[in-house]
$ cat start_2.txt   # compact mmCIF, C-alpha atoms
# COMPACT_ATOMS: atom_id res chain seq x y z
CA MET A 1396 -7.07 13.08 -3.88
CA THR A 1397 -4.08 15.35 -3.97
CA ILE A 1398 -1.63 15.83 -6.81
CA PHE A 1399 0.96 13.93 -4.80
CA ASN A 1400 -1.31 10.87 -4.65
CA SER A 1401 -1.41 10.67 -8.44
CA LEU A 1402 2.38 10.97 -8.51
CA ARG A 1403 2.73 8.16 -5.94
CA THR A 1404 0.30 5.96 -7.85
CA SER A 1405 2.22 6.44 -11.10
CA ALA A 1406 5.50 5.81 -9.29
CA THR A 1407 4.28 2.35 -8.23
CA GLY A 1408 3.41 1.59 -11.85
CA LEU A 1409 6.80 2.80 -13.07
CA SER A 1410 8.62 0.63 -10.56
CA ALA A 1411 6.56 -2.47 -11.37
CA GLU A 1412 6.89 -2.07 -15.15
CA ARG A 1413 10.64 -1.48 -14.86
CA LEU A 1414 10.98 -4.80 -13.01
CA ARG A 1415 8.81 -6.47 -15.64
CA MET A 1416 11.09 -5.15 -18.42
CA ASP A 1417 14.16 -6.37 -16.51
CA LEU A 1418 12.66 -9.87 -16.29
CA ILE A 1419 11.81 -9.86 -20.00
CA ALA A 1420 15.37 -8.81 -20.86
CA ASN A 1421 16.70 -11.59 -18.64
CA ASN A 1422 14.40 -14.11 -20.34
CA LEU A 1423 15.60 -13.04 -23.79
CA ALA A 1424 19.24 -13.16 -22.71
CA ASN A 1425 18.80 -16.76 -21.51
CA ALA A 1426 16.61 -18.02 -24.36
CA GLU A 1427 19.29 -20.54 -25.40
CA THR A 1428 20.71 -21.44 -21.95
CA THR A 1429 20.54 -25.22 -21.59
CA ARG A 1430 22.48 -25.50 -18.33
CA THR A 1431 21.99 -23.50 -15.12
CA ASP A 1432 23.33 -23.73 -11.57
CA GLU A 1433 20.07 -25.36 -10.46
CA GLY A 1434 20.44 -27.98 -13.18
CA GLY A 1435 18.54 -28.15 -16.42
CA PRO A 1436 17.63 -25.35 -18.79
CA TYR A 1437 16.74 -21.79 -17.83
CA VAL A 1438 13.09 -21.34 -16.81
CA ARG A 1439 11.20 -18.24 -17.96
CA GLN A 1440 10.36 -15.78 -15.17
CA VAL A 1441 7.16 -13.74 -14.94
CA ALA A 1442 6.21 -10.92 -12.55
CA VAL A 1443 2.87 -11.22 -10.77
CA PHE A 1444 1.33 -7.85 -9.87
CA LYS A 1445 -1.20 -7.11 -7.16
CA PRO A 1446 -3.08 -3.94 -6.23
CA TYR A 1447 -1.29 -1.71 -3.75
CA ARG A 1448 -2.95 0.60 -1.30
CA SER A 1449 -1.16 2.71 1.24
CA PHE A 1450 -1.92 2.48 4.95
CA GLU A 1451 -3.37 5.98 4.77
CA SER A 1452 -5.90 4.98 2.12
CA ILE A 1453 -6.96 1.88 4.02
CA LEU A 1454 -7.80 4.02 7.05
CA ASP A 1455 -9.55 6.66 5.00
CA ASP A 1456 -11.14 4.55 2.24
CA LYS A 1457 -13.87 7.06 1.45
CA MET A 1458 -11.30 9.68 0.44
CA GLY A 1459 -9.92 7.52 -2.36
CA GLY A 1460 -6.37 7.24 -1.07
CA VAL A 1461 -3.27 6.24 -2.96
CA GLN A 1462 -3.68 3.17 -5.07
CA GLY A 1463 -1.23 1.53 -7.37
CA VAL A 1464 0.45 -1.73 -8.12
CA THR A 1465 3.24 -3.75 -6.59
CA VAL A 1466 5.01 -6.96 -7.53
CA GLU A 1467 3.59 -9.77 -5.42
CA LYS A 1468 6.11 -12.37 -6.58
CA ILE A 1469 8.29 -13.52 -9.43
CA MET A 1470 7.08 -16.87 -10.73
CA LYS A 1471 8.75 -19.46 -12.90
CA ASP A 1472 6.68 -20.25 -15.99
CA LYS A 1473 5.34 -23.81 -15.98
CA ALA A 1474 5.27 -24.11 -19.78
CA PRO A 1475 7.12 -27.16 -21.14
CA PHE A 1476 10.67 -26.88 -22.40
CA ARG A 1477 11.36 -26.78 -26.12
CA LEU A 1478 12.89 -30.03 -27.39
CA GLU A 1479 15.28 -30.13 -30.33
CA TYR A 1480 17.08 -33.17 -31.70
CA GLU A 1481 20.81 -32.48 -31.43
CA PRO A 1482 22.59 -35.75 -30.50
CA ASN A 1483 26.06 -34.12 -30.57
CA HIS A 1484 25.14 -31.32 -28.13
CA PRO A 1485 26.88 -31.68 -24.73
CA ASP A 1486 23.51 -31.32 -22.94
CA ALA A 1487 21.66 -33.88 -25.07
CA ILE A 1488 19.68 -36.49 -23.16
CA GLN A 1489 21.84 -39.63 -22.91
CA GLU A 1490 19.38 -42.06 -21.27
CA GLU A 1491 17.83 -44.67 -23.51
CA GLY A 1492 14.29 -43.90 -24.58
CA GLU A 1493 12.33 -41.84 -27.02
CA LEU A 1494 14.02 -38.57 -25.90
CA LYS A 1495 17.59 -39.79 -26.41
CA GLY A 1496 19.58 -37.20 -28.37
CA TYR A 1497 17.12 -34.37 -27.68
CA VAL A 1498 18.19 -31.16 -25.95
CA ARG A 1499 15.88 -29.33 -23.55
CA TYR A 1500 15.88 -25.62 -24.38
CA PRO A 1501 14.26 -22.93 -22.18
CA ASN A 1502 10.54 -22.30 -22.36
CA VAL A 1503 11.23 -18.77 -23.65
CA ASN A 1504 9.46 -17.70 -26.82
CA PRO A 1505 11.23 -14.59 -28.19
CA VAL A 1506 8.11 -13.40 -30.04
CA LYS A 1507 6.01 -13.56 -26.87
CA GLU A 1508 8.78 -11.79 -24.93
CA MET A 1509 8.90 -8.96 -27.47
CA ILE A 1510 5.12 -8.54 -27.26
CA ASP A 1511 5.39 -8.41 -23.46
CA MET A 1512 8.24 -5.89 -23.77
CA ILE A 1513 6.11 -3.61 -25.96
CA SER A 1514 3.23 -3.91 -23.48
CA ALA A 1515 5.48 -3.09 -20.51
CA SER A 1516 7.04 -0.19 -22.40
CA ARG A 1517 3.61 1.28 -23.24
CA ALA A 1518 2.47 0.94 -19.62
CA TYR A 1519 5.68 2.66 -18.49
CA GLU A 1520 5.12 5.48 -20.99
CA ALA A 1521 1.52 5.90 -19.79
CA ASN A 1522 2.71 6.31 -16.19
CA VAL A 1523 5.33 8.85 -17.28
CA THR A 1524 2.59 10.78 -19.11
CA VAL A 1525 0.44 10.84 -15.96
CA MET A 1526 3.37 12.13 -13.91
CA ASN A 1527 4.15 14.84 -16.48
CA SER A 1528 0.48 15.90 -16.57
CA ALA A 1529 0.33 16.10 -12.77
CA LYS A 1530 3.53 18.15 -12.74
CA SER A 1531 2.13 20.48 -15.41
CA MET A 1532 -1.11 20.96 -13.47
CA ALA A 1533 0.85 21.79 -10.31
CA MET A 1534 2.91 24.37 -12.21
CA LYS A 1535 -0.26 25.96 -13.64
CA ALA A 1536 -1.79 26.10 -10.17
CA LEU A 1537 1.30 27.86 -8.87
CA GLU A 1538 1.11 30.36 -11.74
CA ILE A 1539 -2.54 31.09 -10.90
CA GLY A 1540 -1.56 31.64 -7.27
CA ARG A 1541 1.10 34.15 -8.30
CA GLY A 1542 -1.27 35.88 -10.60

$ encode --input "start_2.txt" --output "structure tokens"
Amino acid sequence: MTIFNSLRTSATGLSAERLRMDLIANNLANAETTRTDEGGPYVRQVAVFKPYRSFESILDDKMGGVQGVTVEKIMKDKAPFRLEYEPNHPDAIQEEGELKGYVRYPNVNPVKEMIDMISASRAYEANVTVMNSAKSMAMKALEIGRG
């Protein structure tokens, strides 16, 4: 495994975690959105990661080629919407029944989003640390070569 492989691997992690943080920020920004273009309240979005391997590493599996992570898809969370009784709200349910007067709010829990944001931030920082370490090792190797 070369130094560039570790940089590529960390780069995949940085890219995936950046997207994850963007989704979390979007979820928090829409935590109170009761009406969207699709109709109904905003639905929380979650990134689904999958292992990534380069074509080179698939061909040469014994050499331990570049591995990493990539975003497989962005899913909508299937958790139920939060219901709050607000009969004067413009998006309150008007049909007769037990839900009349309730408003459907997004299935976004700000506490859970903040925990996910801290987790994504730590994973991002870890990948930056790996990249900085690889860069430092490369610089030391160049200094030895000059020596």

$ closest_residue --input "start_2.txt" --among "A:Val1464, A:Ala1442, A:Met1534, A:Ile1469" --to "A:Arg1415" --atoms "only C-alpha atoms"
A:Ala1442

$ residues_around --input "start_2.txt" --residues "A:Pro1485" --least-positions-apart "5" --cutoff "10 Å" --atoms "all atoms listed in the file" --output "NGL selection string"
:A and (1429-1430 or 1496 or 1498)

$ closest_atom_pairs --input "start_2.txt" --of "stretch 1397-1425 of chain A" --to "stretch 1513-1529 of chain A" --cutoff "6 Å" --atoms "all atoms listed in the file" --output "Markdown table"
| residue | atom | partner | partner_atom | distance |
| --- | --- | --- | --- | --- |
| A:Leu1402 | CA | A:Met1526 | CA | 5.6 |
| A:Ser1405 | CA | A:Asn1522 | CA | 5.1 |
| A:Leu1409 | CA | A:Tyr1519 | CA | 5.5 |
| A:Glu1412 | CA | A:Ala1515 | CA | 5.6 |

$ write_last_selection --input "start_2.txt" --atoms "C-alpha atoms" --output "short mmCIF file (atom, residue, chain, number, x, y, z; two decimals), in the coordinates of the input"
data_model
loop_
_atom_site.label_atom_id
_atom_site.label_comp_id
_atom_site.auth_asym_id
_atom_site.auth_seq_id
_atom_site.Cartn_x
_atom_site.Cartn_y
_atom_site.Cartn_z
CA LEU A 1402 2.38 10.97 -8.51
CA SER A 1405 2.22 6.44 -11.10
CA LEU A 1409 6.80 2.80 -13.07
CA GLU A 1412 6.89 -2.07 -15.15
#

$ closest_residue --input "start_2.txt" --among "A:Lys1507, A:Glu1433, A:Glu1427, A:Pro1501" --to "A:Pro1475" --atoms "only C-alpha atoms"
A:Pro1501

$ atom_distance --input "start_2.txt" --atom1 "atom CA of A:Tyr1497" --atom2 "atom CA of A:Pro1482"
6.3 Å

$ closest_residue --input "start_2.txt" --among "A:Ile1510, A:Val1438, A:Leu1414, A:Ala1424" --to "A:Lys1471" --atoms "only C-alpha atoms"
A:Val1438

$ atom_distance --input "start_2.txt" --atom1 "atom CA of A:Phe1399" --atom2 "atom CA of A:Ser1531"
12.5 Å

$ atom_distance --input "start_2.txt" --atom1 "atom CA of A:Leu1478" --atom2 "atom CA of A:Ala1426"
12.9 Å

$ build_atoms --input "start_2.txt" --residues "stretch 1466-1488 of chain A" --atoms "N, CA and C atoms" --output "PDB file, in the frame of the given file"
ATOM      1  N   VAL A1466       4.700  -5.603  -7.096  1.00  0.00           N
ATOM      2  CA  VAL A1466       5.010  -6.960  -7.530  1.00  0.00           C
ATOM      3  C   VAL A1466       4.808  -7.885  -6.351  1.00  0.00           C
ATOM      4  N   GLU A1467       3.869  -8.807  -6.491  1.00  0.00           N
ATOM      5  CA  GLU A1467       3.590  -9.770  -5.420  1.00  0.00           C
ATOM      6  C   GLU A1467       4.694 -10.821  -5.354  1.00  0.00           C
ATOM      7  N   LYS A1468       5.060 -11.353  -6.527  1.00  0.00           N
ATOM      8  CA  LYS A1468       6.110 -12.370  -6.580  1.00  0.00           C
ATOM      9  C   LYS A1468       6.609 -12.521  -8.003  1.00  0.00           C
ATOM     10  N   ILE A1469       7.738 -13.178  -8.121  1.00  0.00           N
ATOM     11  CA  ILE A1469       8.290 -13.520  -9.430  1.00  0.00           C
ATOM     12  C   ILE A1469       8.155 -15.035  -9.565  1.00  0.00           C
ATOM     13  N   MET A1470       7.359 -15.447 -10.539  1.00  0.00           N
ATOM     14  CA  MET A1470       7.080 -16.870 -10.730  1.00  0.00           C
ATOM     15  C   MET A1470       7.899 -17.447 -11.876  1.00  0.00           C
ATOM     16  N   LYS A1471       8.143 -18.735 -11.789  1.00  0.00           N
ATOM     17  CA  LYS A1471       8.750 -19.460 -12.900  1.00  0.00           C
ATOM     18  C   LYS A1471       7.610 -20.001 -13.754  1.00  0.00           C
ATOM     19  N   ASP A1472       7.708 -19.799 -15.055  1.00  0.00           N
ATOM     20  CA  ASP A1472       6.680 -20.250 -15.990  1.00  0.00           C
ATOM     21  C   ASP A1472       6.668 -21.775 -16.028  1.00  0.00           C
ATOM     22  N   LYS A1473       5.480 -22.351 -15.999  1.00  0.00           N
ATOM     23  CA  LYS A1473       5.340 -23.810 -15.980  1.00  0.00           C
ATOM     24  C   LYS A1473       5.201 -24.417 -17.381  1.00  0.00           C
ATOM     25  N   ALA A1474       5.379 -23.610 -18.404  1.00  0.00           N
ATOM     26  CA  ALA A1474       5.270 -24.110 -19.780  1.00  0.00           C
ATOM     27  C   ALA A1474       6.372 -25.149 -20.015  1.00  0.00           C
ATOM     28  N   PRO A1475       6.105 -26.122 -20.882  1.00  0.00           N
ATOM     29  CA  PRO A1475       7.120 -27.160 -21.140  1.00  0.00           C
ATOM     30  C   PRO A1475       8.331 -26.601 -21.880  1.00  0.00           C
ATOM     31  N   PHE A1476       9.457 -27.275 -21.699  1.00  0.00           N
ATOM     32  CA  PHE A1476      10.670 -26.880 -22.400  1.00  0.00           C
ATOM     33  C   PHE A1476      10.559 -27.237 -23.880  1.00  0.00           C
ATOM     34  N   ARG A1477      11.302 -26.512 -24.688  1.00  0.00           N
ATOM     35  CA  ARG A1477      11.360 -26.780 -26.120  1.00  0.00           C
ATOM     36  C   ARG A1477      12.367 -27.906 -26.336  1.00  0.00           C
ATOM     37  N   LEU A1478      12.001 -28.902 -27.096  1.00  0.00           N
ATOM     38  CA  LEU A1478      12.890 -30.030 -27.390  1.00  0.00           C
ATOM     39  C   LEU A1478      13.382 -29.950 -28.820  1.00  0.00           C
ATOM     40  N   GLU A1479      14.696 -30.100 -28.989  1.00  0.00           N
ATOM     41  CA  GLU A1479      15.280 -30.130 -30.330  1.00  0.00           C
ATOM     42  C   GLU A1479      16.253 -31.308 -30.400  1.00  0.00           C
ATOM     43  N   TYR A1480      16.213 -32.008 -31.525  1.00  0.00           N
ATOM     44  CA  TYR A1480      17.080 -33.170 -31.700  1.00  0.00           C
ATOM     45  C   TYR A1480      18.470 -32.709 -32.115  1.00  0.00           C
ATOM     46  N   GLU A1481      19.412 -32.838 -31.203  1.00  0.00           N
ATOM     47  CA  GLU A1481      20.810 -32.480 -31.430  1.00  0.00           C
ATOM     48  C   GLU A1481      21.683 -33.495 -30.688  1.00  0.00           C
ATOM     49  N   PRO A1482      21.880 -34.691 -31.231  1.00  0.00           N
ATOM     50  CA  PRO A1482      22.590 -35.750 -30.500  1.00  0.00           C
ATOM     51  C   PRO A1482      24.041 -35.410 -30.159  1.00  0.00           C
ATOM     52  N   ASN A1483      24.662 -34.465 -30.854  1.00  0.00           N
ATOM     53  CA  ASN A1483      26.060 -34.120 -30.570  1.00  0.00           C
ATOM     54  C   ASN A1483      26.208 -32.970 -29.569  1.00  0.00           C
ATOM     55  N   HIS A1484      25.104 -32.418 -29.113  1.00  0.00           N
ATOM     56  CA  HIS A1484      25.140 -31.320 -28.130  1.00  0.00           C
ATOM     57  C   HIS A1484      25.569 -31.883 -26.777  1.00  0.00           C
ATOM     58  N   PRO A1485      26.426 -31.165 -26.036  1.00  0.00           N
ATOM     59  CA  PRO A1485      26.880 -31.680 -24.730  1.00  0.00           C
ATOM     60  C   PRO A1485      25.756 -31.864 -23.706  1.00  0.00           C
ATOM     61  N   ASP A1486      24.627 -31.181 -23.877  1.00  0.00           N
ATOM     62  CA  ASP A1486      23.510 -31.320 -22.940  1.00  0.00           C
ATOM     63  C   ASP A1486      22.392 -32.204 -23.472  1.00  0.00           C
ATOM     64  N   ALA A1487      22.675 -32.974 -24.516  1.00  0.00           N
ATOM     65  CA  ALA A1487      21.660 -33.880 -25.070  1.00  0.00           C
ATOM     66  C   ALA A1487      21.350 -34.979 -24.060  1.00  0.00           C
ATOM     67  N   ILE A1488      20.111 -35.420 -24.061  1.00  0.00           N
ATOM     68  CA  ILE A1488      19.680 -36.490 -23.160  1.00  0.00           C
ATOM     69  C   ILE A1488      20.376 -37.777 -23.570  1.00  0.00           C
TER      70      ILE A1488
END
